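Data file: protein.txt. Format and content: compact mmCIF, C-alpha atoms and all ligand atoms.
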# COMPACT_ATOMS: atom_id res chain seq x y z
CA MET A 27 82.13 127.69 122.61
CA LYS A 28 83.63 126.95 126.02
CA LYS A 29 80.49 125.07 127.06
CA ARG A 30 80.64 122.91 123.96
CA LEU A 31 84.26 121.98 124.64
CA ILE A 32 83.44 120.92 128.19
CA PHE A 33 80.52 118.86 126.91
CA ALA A 34 82.74 117.17 124.31
CA ALA A 35 85.23 116.24 127.02
CA MET A 36 82.47 114.66 129.09
CA VAL A 37 81.11 112.43 126.33
CA LYS A 38 83.00 109.16 126.34
CA GLU A 39 84.21 107.72 123.04
CA VAL A 40 82.36 104.62 121.89
CA VAL A 41 84.24 101.30 121.77
CA LEU A 42 83.03 98.11 120.13
CA SER A 43 84.42 94.66 119.52
CA GLY A 44 83.20 91.13 118.85
CA ILE A 45 84.28 87.51 119.02
CA ARG A 46 82.85 84.63 116.99
CA PRO A 47 81.40 81.72 119.02
CA THR A 48 83.15 79.10 116.92
CA GLY A 49 85.03 77.32 119.70
CA PHE A 50 87.03 77.78 122.88
CA LEU A 51 88.70 81.16 123.43
CA HIS A 52 92.49 81.13 123.32
CA LEU A 53 95.48 83.29 124.16
CA GLY A 54 95.34 85.06 120.79
CA ASN A 55 91.82 86.25 121.58
CA TYR A 56 92.91 87.29 125.05
CA PHE A 57 96.05 89.22 124.20
CA GLY A 58 94.87 90.49 120.80
CA ALA A 59 91.49 91.68 122.00
CA MET A 60 90.07 90.90 125.44
CA ARG A 61 92.93 92.32 127.47
CA ASN A 62 92.16 95.68 125.89
CA TYR A 63 88.42 95.33 126.53
CA VAL A 64 89.04 95.00 130.24
CA ARG A 65 91.14 98.16 130.41
CA MET A 66 88.81 100.11 128.15
CA GLN A 67 85.68 99.47 130.19
CA ASP A 68 86.68 102.10 132.76
CA GLU A 69 87.55 104.75 130.22
CA PHE A 70 85.03 104.45 127.40
CA ASN A 71 81.41 103.70 126.53
CA CYS A 72 81.86 100.02 125.63
CA TYR A 73 79.89 97.50 123.56
CA PHE A 74 81.20 93.92 123.37
CA PHE A 75 79.31 91.16 121.64
CA VAL A 76 79.27 87.55 120.50
CA ALA A 77 79.21 87.44 116.69
CA ASN A 78 76.86 84.48 116.21
CA TRP A 79 75.64 85.61 112.76
CA HIS A 80 79.24 85.77 111.59
CA SER A 81 79.83 82.22 112.77
CA LEU A 82 77.12 80.95 110.38
CA THR A 83 79.30 81.95 107.42
CA THR A 84 81.74 79.15 108.27
CA HIS A 85 79.86 76.97 110.78
CA PRO A 86 76.37 76.27 109.37
CA ASP A 87 75.90 73.37 111.80
CA THR A 88 74.46 74.99 114.93
CA LYS A 89 74.54 71.99 117.29
CA GLU A 90 77.23 73.57 119.46
CA LEU A 91 76.31 77.20 118.92
CA GLN A 92 74.19 77.73 122.05
CA ALA A 93 76.83 76.27 124.34
CA ASN A 94 79.56 78.25 122.57
CA VAL A 95 77.68 81.53 122.96
CA LEU A 96 77.20 80.98 126.70
CA ARG A 97 80.85 80.00 127.12
CA VAL A 98 82.13 83.09 125.26
CA ILE A 99 79.97 85.30 127.49
CA ALA A 100 81.26 83.47 130.61
CA GLU A 101 84.89 83.67 129.45
CA ASN A 102 84.61 87.39 128.78
CA ILE A 103 83.35 87.98 132.31
CA ALA A 104 85.99 85.65 133.73
CA CYS A 105 88.65 87.77 132.01
CA GLY A 106 87.41 90.82 133.89
CA LEU A 107 84.54 92.37 131.90
CA ASP A 108 81.87 93.83 134.15
CA PRO A 109 78.41 93.48 132.53
CA GLU A 110 77.20 96.43 134.61
CA LYS A 111 79.86 98.71 133.11
CA VAL A 112 79.65 97.55 129.48
CA ALA A 113 76.95 96.28 127.14
CA LEU A 114 77.75 92.57 126.73
CA TYR A 115 75.34 91.08 124.20
CA VAL A 116 74.69 88.58 121.44
CA GLN A 117 74.59 89.89 117.86
CA SER A 118 71.30 88.23 116.90
CA ASP A 119 69.55 89.97 119.82
CA VAL A 120 70.06 93.31 118.06
CA PRO A 121 68.20 93.05 114.72
CA GLN A 122 68.94 96.71 113.92
CA ILE A 123 72.41 95.48 112.88
CA ALA A 124 70.84 93.47 110.06
CA GLU A 125 69.04 96.53 108.67
CA LEU A 126 72.22 98.62 108.67
CA TYR A 127 74.01 95.67 107.01
CA LEU A 128 71.43 95.85 104.21
CA TYR A 129 72.08 99.57 103.57
CA LEU A 130 75.86 99.12 103.75
CA ASN A 131 75.70 96.28 101.23
CA MET A 132 74.85 98.95 98.65
CA MET A 133 78.20 100.65 99.44
CA ALA A 134 80.23 97.46 99.01
CA TYR A 135 81.49 96.33 95.62
CA LYS A 136 81.96 92.76 94.50
CA GLY A 137 85.52 93.27 93.25
CA GLU A 138 86.88 94.59 96.54
CA LEU A 139 84.98 92.01 98.60
CA GLU A 140 86.53 89.24 96.51
CA LYS A 141 90.00 90.68 97.15
CA THR A 142 89.65 90.57 100.96
CA VAL A 143 92.41 88.41 102.47
CA THR A 144 90.08 86.60 104.91
CA PHE A 145 87.60 85.85 102.11
CA LYS A 146 90.30 84.34 99.89
CA GLU A 147 91.52 82.23 102.81
CA LYS A 148 88.02 80.95 103.56
CA VAL A 149 87.44 80.10 99.90
CA ARG A 150 90.57 77.97 100.09
CA LEU A 151 89.42 76.31 103.33
CA GLN A 152 85.78 75.68 102.36
CA PRO A 153 85.51 75.60 98.55
CA GLU A 154 82.21 73.72 98.85
CA ASN A 155 80.53 76.57 100.75
CA VAL A 156 81.44 79.96 99.25
CA ASN A 157 78.22 81.65 100.34
CA ALA A 158 77.20 85.30 99.97
CA GLY A 159 77.44 85.76 103.75
CA LEU A 160 81.10 84.86 103.54
CA LEU A 161 81.66 87.37 100.75
CA THR A 162 79.90 90.17 102.65
CA TYR A 163 81.39 89.23 106.06
CA PRO A 164 83.25 92.60 106.28
CA VAL A 165 79.99 94.48 105.55
CA LEU A 166 78.26 92.80 108.49
CA GLN A 167 81.30 93.61 110.61
CA ALA A 168 81.07 97.26 109.52
CA ALA A 169 77.38 97.26 110.53
CA ASP A 170 78.33 95.84 113.98
CA ILE A 171 80.66 98.77 114.50
CA LEU A 172 78.76 101.61 112.84
CA ILE A 173 75.43 100.74 114.51
CA HIS A 174 76.87 102.22 117.73
CA ARG A 175 78.94 104.83 115.89
CA ALA A 176 82.02 103.34 117.56
CA VAL A 177 85.41 104.94 116.88
CA LYS A 178 87.76 102.53 118.69
CA VAL A 179 87.76 98.84 117.88
CA PRO A 180 90.12 96.67 119.98
CA VAL A 181 91.14 93.76 117.74
CA GLY A 182 94.16 91.69 116.75
CA LYS A 183 96.29 92.36 113.70
CA ASP A 184 94.28 90.00 111.48
CA GLN A 185 91.34 92.46 111.56
CA GLU A 186 93.15 95.50 110.15
CA GLN A 187 91.79 95.11 106.63
CA HIS A 188 88.20 94.68 107.88
CA LEU A 189 88.53 97.98 109.76
CA GLU A 190 89.78 99.72 106.65
CA MET A 191 86.74 98.41 104.79
CA ALA A 192 84.41 99.62 107.56
CA ARG A 193 85.91 103.11 107.19
CA ASN A 194 85.35 102.98 103.43
CA TYR A 195 81.67 102.06 103.82
CA ALA A 196 81.16 104.79 106.44
CA GLU A 197 82.82 107.37 104.16
CA ARG A 198 80.73 106.31 101.18
CA PHE A 199 77.57 106.46 103.27
CA ASN A 200 78.44 109.91 104.60
CA HIS A 201 79.31 111.16 101.13
CA ARG A 202 76.01 109.93 99.70
CA TYR A 203 73.60 110.74 102.53
CA GLY A 204 75.28 113.17 104.96
CA GLU A 205 77.76 113.02 107.84
CA ILE A 206 76.20 110.46 110.19
CA LEU A 207 78.84 107.79 110.74
CA PRO A 208 82.22 108.49 112.44
CA LEU A 209 85.21 106.55 111.10
CA PRO A 210 86.32 103.59 113.27
CA TYR A 211 89.93 102.57 113.88
CA ALA A 212 91.53 99.36 115.16
CA PHE A 213 92.94 99.87 118.66
CA ASN A 214 95.52 98.35 120.98
CA TYR A 215 96.91 99.94 124.16
CA GLY A 216 100.47 99.13 123.11
CA GLY A 217 99.97 100.95 119.79
CA GLU A 218 100.92 98.09 117.46
CA LEU A 219 98.19 95.49 116.90
CA VAL A 220 99.02 92.06 118.34
CA LYS A 221 99.46 88.73 116.56
CA ILE A 222 100.04 85.66 118.73
CA MET A 223 101.51 82.83 116.69
CA SER A 224 100.61 79.18 116.91
CA LEU A 225 103.00 77.13 119.12
CA ASP A 226 104.41 75.29 116.10
CA GLY A 227 105.38 78.65 114.62
CA GLU A 228 103.04 78.21 111.64
CA GLY A 229 100.57 81.08 111.26
CA LYS A 230 98.39 82.68 113.93
CA MET A 231 96.95 80.93 116.94
CA SER A 232 93.25 80.40 116.17
CA LYS A 233 90.18 78.50 117.33
CA SER A 234 90.24 76.14 114.40
CA GLU A 235 94.02 75.46 114.46
CA ASN A 236 95.45 72.16 115.64
CA GLN A 237 94.48 72.03 119.33
CA MET A 238 98.00 71.08 120.47
CA ASN A 239 99.35 74.36 119.06
CA THR A 240 96.76 76.60 120.68
CA LEU A 241 96.57 77.54 124.37
CA TYR A 242 92.93 77.79 125.41
CA LEU A 243 91.62 79.71 128.41
CA ALA A 244 89.87 76.44 129.38
CA ASP A 245 93.07 74.31 129.36
CA ASP A 246 94.08 72.78 132.68
CA ASP A 247 97.59 73.13 134.14
CA ASP A 248 98.91 69.83 132.80
CA VAL A 249 97.63 70.45 129.29
CA ILE A 250 99.26 73.89 129.31
CA ARG A 251 102.59 72.37 130.42
CA LYS A 252 102.40 69.65 127.78
CA LYS A 253 101.63 72.09 124.96
CA ILE A 254 104.35 74.57 125.89
CA MET A 255 107.00 71.86 126.33
CA LYS A 256 106.20 70.71 122.77
CA ALA A 257 106.44 74.23 121.28
CA LYS A 258 108.85 74.56 118.40
CA THR A 259 112.47 75.57 119.20
CA ASP A 260 115.87 74.83 117.58
CA GLY A 261 119.54 74.23 118.43
CA GLY A 262 119.99 77.81 119.70
CA PRO A 263 121.54 81.01 118.29
CA LEU A 264 124.78 80.70 116.30
CA THR A 265 126.10 84.22 117.02
CA PRO A 266 125.69 86.74 119.86
CA ASN A 267 122.66 89.02 119.37
CA ALA A 268 121.39 86.76 116.59
CA PRO A 269 118.09 87.71 114.96
CA MET A 270 115.27 85.64 116.50
CA PRO A 271 113.29 83.16 114.44
CA ALA A 272 109.55 83.99 114.66
CA TYR A 273 108.75 80.89 116.77
CA ILE A 274 111.35 81.87 119.43
CA GLU A 275 110.20 85.48 119.35
CA ASN A 276 106.67 84.18 119.99
CA LEU A 277 107.81 82.35 123.15
CA PHE A 278 109.39 85.60 124.35
CA THR A 279 106.19 87.47 123.49
CA LEU A 280 104.15 85.00 125.56
CA MET A 281 106.66 85.27 128.37
CA GLY A 282 106.45 89.07 128.22
CA LEU A 283 102.72 88.73 128.76
CA VAL A 284 102.67 86.38 131.76
CA SER A 285 106.15 86.34 133.38
CA SER A 286 107.98 88.93 135.46
CA THR A 287 110.23 91.47 133.73
CA ASP A 288 113.28 89.96 135.47
CA THR A 289 112.51 86.52 134.08
CA VAL A 290 112.13 87.82 130.52
CA GLU A 291 115.32 89.88 130.82
CA LYS A 292 117.31 86.90 132.11
CA PHE A 293 116.33 84.68 129.17
CA ARG A 294 116.76 87.52 126.67
CA SER A 295 120.27 88.18 127.91
CA ASP A 296 121.03 84.42 127.82
CA TYR A 297 119.88 84.43 124.20
CA ASN A 298 121.91 87.48 123.23
CA ASN A 299 125.08 86.14 124.87
CA SER A 300 124.84 82.71 123.25
CA SER A 301 126.70 81.61 120.15
CA GLU A 302 127.69 78.39 118.38
CA GLY A 303 129.53 76.15 120.87
CA ASN A 304 128.59 78.48 123.74
CA CYS A 305 124.86 78.10 124.12
CA ILE A 306 123.85 79.80 127.36
CA ILE A 307 120.14 79.88 126.72
CA ARG A 308 118.35 76.65 127.61
CA TYR A 309 115.09 76.49 125.72
CA GLY A 310 113.95 73.63 127.99
CA ASP A 311 114.28 75.93 131.05
CA LEU A 312 112.64 78.80 129.24
CA LYS A 313 109.66 76.62 128.35
CA LYS A 314 109.40 75.20 131.88
CA GLN A 315 109.30 78.70 133.35
CA LEU A 316 106.84 79.88 130.71
CA ALA A 317 104.61 76.85 131.35
CA GLU A 318 104.46 77.58 135.10
CA ASP A 319 103.75 81.28 134.62
CA MET A 320 101.16 80.55 131.94
CA ALA A 321 99.39 77.95 134.09
CA ALA A 322 99.26 80.43 136.99
CA PHE A 323 97.87 83.09 134.66
CA ILE A 324 95.15 80.94 133.07
CA LYS A 325 94.01 79.11 136.24
CA PRO A 326 91.82 81.85 137.80
CA ILE A 327 90.22 82.66 134.42
CA ARG A 328 89.43 78.99 133.79
CA GLU A 329 88.01 78.49 137.26
CA LYS A 330 85.81 81.57 137.14
CA ALA A 331 84.54 80.72 133.63
CA THR A 332 83.71 77.16 134.72
CA ASP A 333 81.76 78.47 137.70
CA LEU A 334 79.85 81.01 135.64
CA GLN A 335 78.85 78.38 133.09
CA LYS A 336 77.07 76.41 135.78
CA ASP A 337 74.57 79.27 136.14
CA THR A 338 72.84 79.63 132.76
CA ALA A 339 70.04 81.77 134.21
CA THR A 340 72.50 84.46 135.32
CA LEU A 341 74.27 84.40 131.97
CA GLN A 342 70.90 84.81 130.23
CA LYS A 343 70.04 87.76 132.47
CA ILE A 344 73.37 89.38 131.57
CA MET A 345 72.78 88.80 127.84
CA LYS A 346 69.32 90.35 128.07
CA MET A 347 70.59 93.39 129.92
CA GLY A 348 73.33 93.80 127.28
CA ALA A 349 70.83 93.45 124.43
CA GLU A 350 68.68 96.19 125.94
CA LYS A 351 71.60 98.62 126.22
CA ALA A 352 72.82 97.78 122.72
CA GLY A 353 69.31 97.93 121.24
CA GLU A 354 68.81 101.45 122.57
CA SER A 355 72.02 102.73 121.03
CA ALA A 356 71.37 100.84 117.77
CA SER A 357 67.87 102.30 117.41
CA LYS A 358 69.23 105.83 117.76
CA THR A 359 71.72 105.30 114.94
CA LEU A 360 69.14 103.61 112.74
CA THR A 361 66.75 106.54 113.13
CA LEU A 362 69.51 108.88 111.95
CA VAL A 363 70.44 106.55 109.09
CA ARG A 364 66.84 106.15 107.89
CA SER A 365 66.17 109.84 107.90
CA ALA A 366 69.48 110.57 106.14
CA ILE A 367 68.50 108.14 103.37
CA GLY A 368 64.98 109.55 103.33
CA MET A 369 63.23 106.47 104.64
CA ASN A 370 61.24 108.35 107.22
CA TYR A 371 57.75 108.61 105.77
CA TYR A 372 55.62 109.40 108.79
P1 LIG B 401 89.62 83.13 115.86
O1 LIG B 401 90.43 83.72 114.75
O2 LIG B 401 90.41 82.38 116.82
O3 LIG B 401 88.40 82.40 115.38
P2 LIG B 401 87.99 85.46 116.29
O4 LIG B 401 87.97 85.53 114.83
O5 LIG B 401 86.66 85.28 116.94
O6 LIG B 401 89.04 84.34 116.71
O7 LIG B 401 88.70 86.74 116.91
C1 LIG B 401 88.31 87.45 118.04
C2 LIG B 401 89.34 88.50 118.36
O8 LIG B 401 90.59 87.88 118.72
C3 LIG B 401 89.66 89.43 117.19
O9 LIG B 401 89.86 90.73 117.69
C4 LIG B 401 90.95 88.88 116.63
O10 LIG B 401 91.73 89.86 115.97
C5 LIG B 401 91.64 88.40 117.89
N1 LIG B 401 92.60 87.31 117.61
C6 LIG B 401 92.29 86.05 117.17
N2 LIG B 401 93.42 85.32 117.01
C7 LIG B 401 94.46 86.13 117.36
C8 LIG B 401 95.88 85.96 117.43
N3 LIG B 401 96.45 84.79 117.13
N4 LIG B 401 96.64 87.00 117.83
C9 LIG B 401 96.07 88.17 118.15
N5 LIG B 401 94.75 88.41 118.12
C10 LIG B 401 93.94 87.41 117.72
N1 LIG B 402 85.68 89.44 112.38
C1 LIG B 402 86.07 89.41 113.76
C2 LIG B 402 87.05 88.23 113.91
O1 LIG B 402 87.00 87.28 113.19
C3 LIG B 402 84.90 89.25 114.70
C4 LIG B 402 84.01 90.44 114.59
C5 LIG B 402 82.75 90.48 114.04
C6 LIG B 402 84.31 91.77 115.01
N2 LIG B 402 82.25 91.75 114.09
C7 LIG B 402 83.17 92.56 114.68
C8 LIG B 402 85.42 92.36 115.60
C9 LIG B 402 83.15 93.93 114.94
C10 LIG B 402 85.39 93.74 115.86
C11 LIG B 402 84.26 94.51 115.52
O2 LIG B 402 87.86 88.28 114.77
Re-express the file's structure as structure tokens.
Amino acid sequence: MKKRLIFAAMVKEVVLSGIRPTGFLHLGNYFGAMRNYVRMQDEFNCYFFVANWHSLTTHPDTKELQANVLRVIAENIACGLDPEKVALYVQSDVPQIAELYLYLNMMAYKGELEKTVTFKEKVRLQPENVNAGLLTYPVLQAADILIHRAVKVPVGKDQEQHLEMARNYAERFNHRYGEILPLPYAFNYGGELVKIMSLDGEGKMSKSENQMNTLYLADDDDVIRKKIMKAKTDGGPLTPNAPMPAYIENLFTLMGLVSSTDTVEKFRSDYNNSSEGNCIIRYGDLKKQLAEDMAAFIKPIREKATDLQKDTATLQKIMKMGAEKAGESASKTLTLVRSAIGMNYY
């Protein structure tokens, strides 16, 4: 018994997460997901990948796909991921995922897939291309996770429902064929999952949003300044300790991520002590400070990513090494899955 406990303590939990190569990475990706990846790589057995199959559900034109995949890999490393410590790979290099996706599709029902929030949103955005891949997007995501039997999935708040669906498919599989797949949960070091809003205060920051409202890791200092100075604010609070509108809260959130505690506290106290006719907080100053701190934060990431992208051969070597690590773990799970279903004939 004692021995088993010691062994359990030595086995690191499995972590997995993915990002779609549909454009330039932005602050939402960084603070919702990648910041956690970097911390988790020292503590857990980590798999991080570029979800290029998922991108086909919304971006059938693949002209920019190759370049996007290389850039996402480079940006992940620039943010601090060490390809020696983690498996950093491209989804399509691990075909075992597609086989697990096929089995999990039998656990997924049309009615619940049609009710998924992200599916309904995509149907609204691309009514001319409501393909089956789009409908079963959460099943493929479940396969990404369950293929490594991952239990922690660092993602932003928008992915909560997909994680719940992944748990449902794992439970259904286990119930039908035996306990093979552990249940995965969304993870963030702070506890609460993160949602970075767009700079105009409308919805979440995302790759496909208006570019002026999204801060990209590839933006140069002047672009960052320009975007932040244009961010939505208002005439200021009308009473002391007034509730914050979401777009002001978002500026404080961003400040909390890149500025010193003293700076955030100063502006927070200015906000709380302001009222109509006595506006202490100056949103112009707040944005200027935020712009400088943000530019200083993004600069080293941008420079490292730019450098890495000049060396395609090294990026390819990294992707290959990641695919080998991921393929090994995926094959192990698939062997268990096949024999649980009874598809082991020889
Ligand atoms: P996008 O929505 O920009 O296309 P992805 O879908 O590839 O980005 O998301 C990759 C990761 O980044 C996911 O874990 C997702 O939850 C996270 N993420 C994306 N946008 C945000 C945001 N605005 N706030 C917090 N996390 C986000
Ligand atoms: N659906 C995720 C997103 O849009 C990307 C993704 C694909 C993912 N497969 C995953 C995230 C597996 C975590 C785990 O952000």
message: If the limit is 10 Å from any atom of ligand LIG 401 (chain B), counting all atoms listed in the file, which residues qualify? Return them as an MDAnalysis selection string.
response: chainID A and resid 43:60 62 76:78 80:81 98 179:186 212:213 219:224 229:235 240
message: Set the distance at 12 Å and use only C-alpha atoms: which residues neighbour Ala339 in chain A once local chain neighbours fewer than 6 positions away are removed? I'd like the list as a list in words.
response: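 Returned residues: Leu96, Ala100, Met345 and Lys346 of chain A.
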C-alpha atoms of the current selection, written as a short mmCIF file (atom, residue, chain, number, x, y, z; two decimals), keeping the file's coordinate frame:
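So the final result, stored in again-v5.cif, reads:
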data_model
loop_
_atom_site.label_atom_id
_atom_site.label_comp_id
_atom_site.auth_asym_id
_atom_site.auth_seq_id
_atom_site.Cartn_x
_atom_site.Cartn_y
_atom_site.Cartn_z
CA LEU A 96 77.20 80.98 126.70
CA ALA A 100 81.26 83.47 130.61
CA MET A 345 72.78 88.80 127.84
CA LYS A 346 69.32 90.35 128.07
#
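Every protein or nucleic acid residue with an atom no more than 10 Å from Met132 in chain A, counting only C-alpha atoms and leaving out same-chain residues fewer than 2 positions away, appears here: Tyr127, Leu128, Tyr129, Leu130, Ala134, Tyr135, Val165, Tyr195, Arg198 and Phe199 of chain A.
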If you keep C-alpha atoms, can you produce a file of those selected residues as a PDB file, keeping the file's coordinate frame?
ATOM      1  CA  TYR A 127      74.010  95.670 107.010  1.00  0.00           C
ATOM      2  CA  LEU A 128      71.430  95.850 104.210  1.00  0.00           C
ATOM      3  CA  TYR A 129      72.080  99.570 103.570  1.00  0.00           C
ATOM      4  CA  LEU A 130      75.860  99.120 103.750  1.00  0.00           C
ATOM      5  CA  ALA A 134      80.230  97.460  99.010  1.00  0.00           C
ATOM      6  CA  TYR A 135      81.490  96.330  95.620  1.00  0.00           C
ATOM      7  CA  VAL A 165      79.990  94.480 105.550  1.00  0.00           C
ATOM      8  CA  TYR A 195      81.670 102.060 103.820  1.00  0.00           C
ATOM      9  CA  ARG A 198      80.730 106.310 101.180  1.00  0.00           C
ATOM     10  CA  PHE A 199      77.570 106.460 103.270  1.00  0.00           C
TER      11      PHE A 199
END
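Proximity to ligand LIG 402 (chain B) was assessed for A:Ala168, A:Val112, A:Ala268, A:Ile123 counting all atoms listed in the file; the smallest distance is recorded for A:Ala168.
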- prompt: Which is closest to Ile367 in chain A among A:Lys325, A:Lys148, A:Lys351, A:His201, if we use all atoms listed in the file?
  reply: A:His201
message: I'd like the interatomic distance between CA of Trp79 in chain A and CA of Met191 in chain A, to a tenth of an Å.
response: 18.7 Å
Local residues around (72.8, 112.9, 110.8), at most 10 Å away, using only C-alpha atoms, as a short mmCIF file (atom, residue, chain, number, x, y, z; two decimals) with C-alpha atoms, in the frame of the given file:
data_model
loop_
_atom_site.label_atom_id
_atom_site.label_comp_id
_atom_site.auth_asym_id
_atom_site.auth_seq_id
_atom_site.Cartn_x
_atom_site.Cartn_y
_atom_site.Cartn_z
CA ASN A 200 78.44 109.91 104.60
CA TYR A 203 73.60 110.74 102.53
CA GLY A 204 75.28 113.17 104.96
CA GLU A 205 77.76 113.02 107.84
CA ILE A 206 76.20 110.46 110.19
CA LEU A 207 78.84 107.79 110.74
CA THR A 359 71.72 105.30 114.94
CA THR A 361 66.75 106.54 113.13
CA LEU A 362 69.51 108.88 111.95
CA VAL A 363 70.44 106.55 109.09
CA ARG A 364 66.84 106.15 107.89
CA SER A 365 66.17 109.84 107.90
CA ALA A 366 69.48 110.57 106.14
CA ILE A 367 68.50 108.14 103.37
#
message: Report, in Å to a single decimal, how far apart CA of Glu90 in chain A and CA of Asn157 in chain A are.
response: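 Value for the CA of Asn157 in chain A-CA of Glu90 in chain A distance: 20.8 Å.
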query: Using all atoms listed in the file, which residues sit within 9 Å of Arg294 in chain A once same-chain residues fewer than 5 positions away are excluded, as JSON, numbers by chain?
result: {"A": [278, 289, 299, 307]}
- request: For CA of Leu139 in chain A and CA of Val116 in chain A, determine how far apart the two atoms are, in Å to one decimal place.
  value: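 Separating CA of Leu139 in chain A from CA of Val116 in chain A is a distance of 25.3 Å.
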- prompt: Which is closer to ligand LIG 402 (chain B) than all the others in A:Glu228, A:Glu190, A:Glu154, A:Asp108, using all atoms listed in the file?
  reply: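 Using all atoms listed in the file, the shortest distance to ligand LIG 402 (chain B) belongs to A:Glu190.
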Around range 271-278 of chain A, fit a box with edges along x, y and z, padding it by 3 Å on each side, then list its centre and edge lengths in Å to one decimal as JSON.
{"center_x": 110.0, "center_y": 83.2, "center_z": 119.4, "size_x": 12.6, "size_y": 10.7, "size_z": 15.9}
query: Restricting the calculation to all atoms listed in the file, which member of A:Ala93, A:Leu166, A:Leu160, A:Val290 is positioned closest to ligand LIG 402 (chain B)?
result: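 Checking each of A:Ala93, A:Leu166, A:Leu160, A:Val290 against ligand LIG 402 (chain B), counting all atoms listed in the file, the winner is A:Leu166.
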message: Restricting the calculation to only C-alpha atoms and all ligand atoms: of A:Pro86, A:Gly137, A:Pro121, A:Pro210, which residue gets closest to ligand LIG 402 (chain B)?
response: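 Answer, going by the shortest atom-to-atom distance: A:Pro210.
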message: So, with all atoms listed in the file as the atoms that count, which of A:Glu140, A:Glu110, A:Glu101, A:Asp170 lies closest to ligand LIG 402 (chain B)?
response: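 Of A:Glu140, A:Glu110, A:Glu101, A:Asp170, the one nearest ligand LIG 402 (chain B) is A:Asp170, counting all atoms listed in the file.
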message: List the spatial neighbours of His188 in chain A as a list in words - criterion: any atom at most 9 Å away, all atoms listed in the file, same-chain residues fewer than 6 positions off excluded.
response: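 With the cut-off at 9 Å, the set is Thr142, Thr144, Tyr163, Pro164, Val165, Gln167 and Ala168 of chain A.
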query: Can you tell me, as a ChimeraX atom specification, what residues are no more than 7 Å from Tyr211 in chain A when counting all atoms listed in the file, ignoring any on the same chain fewer than 6 positions away?
result: /A:177-179,189
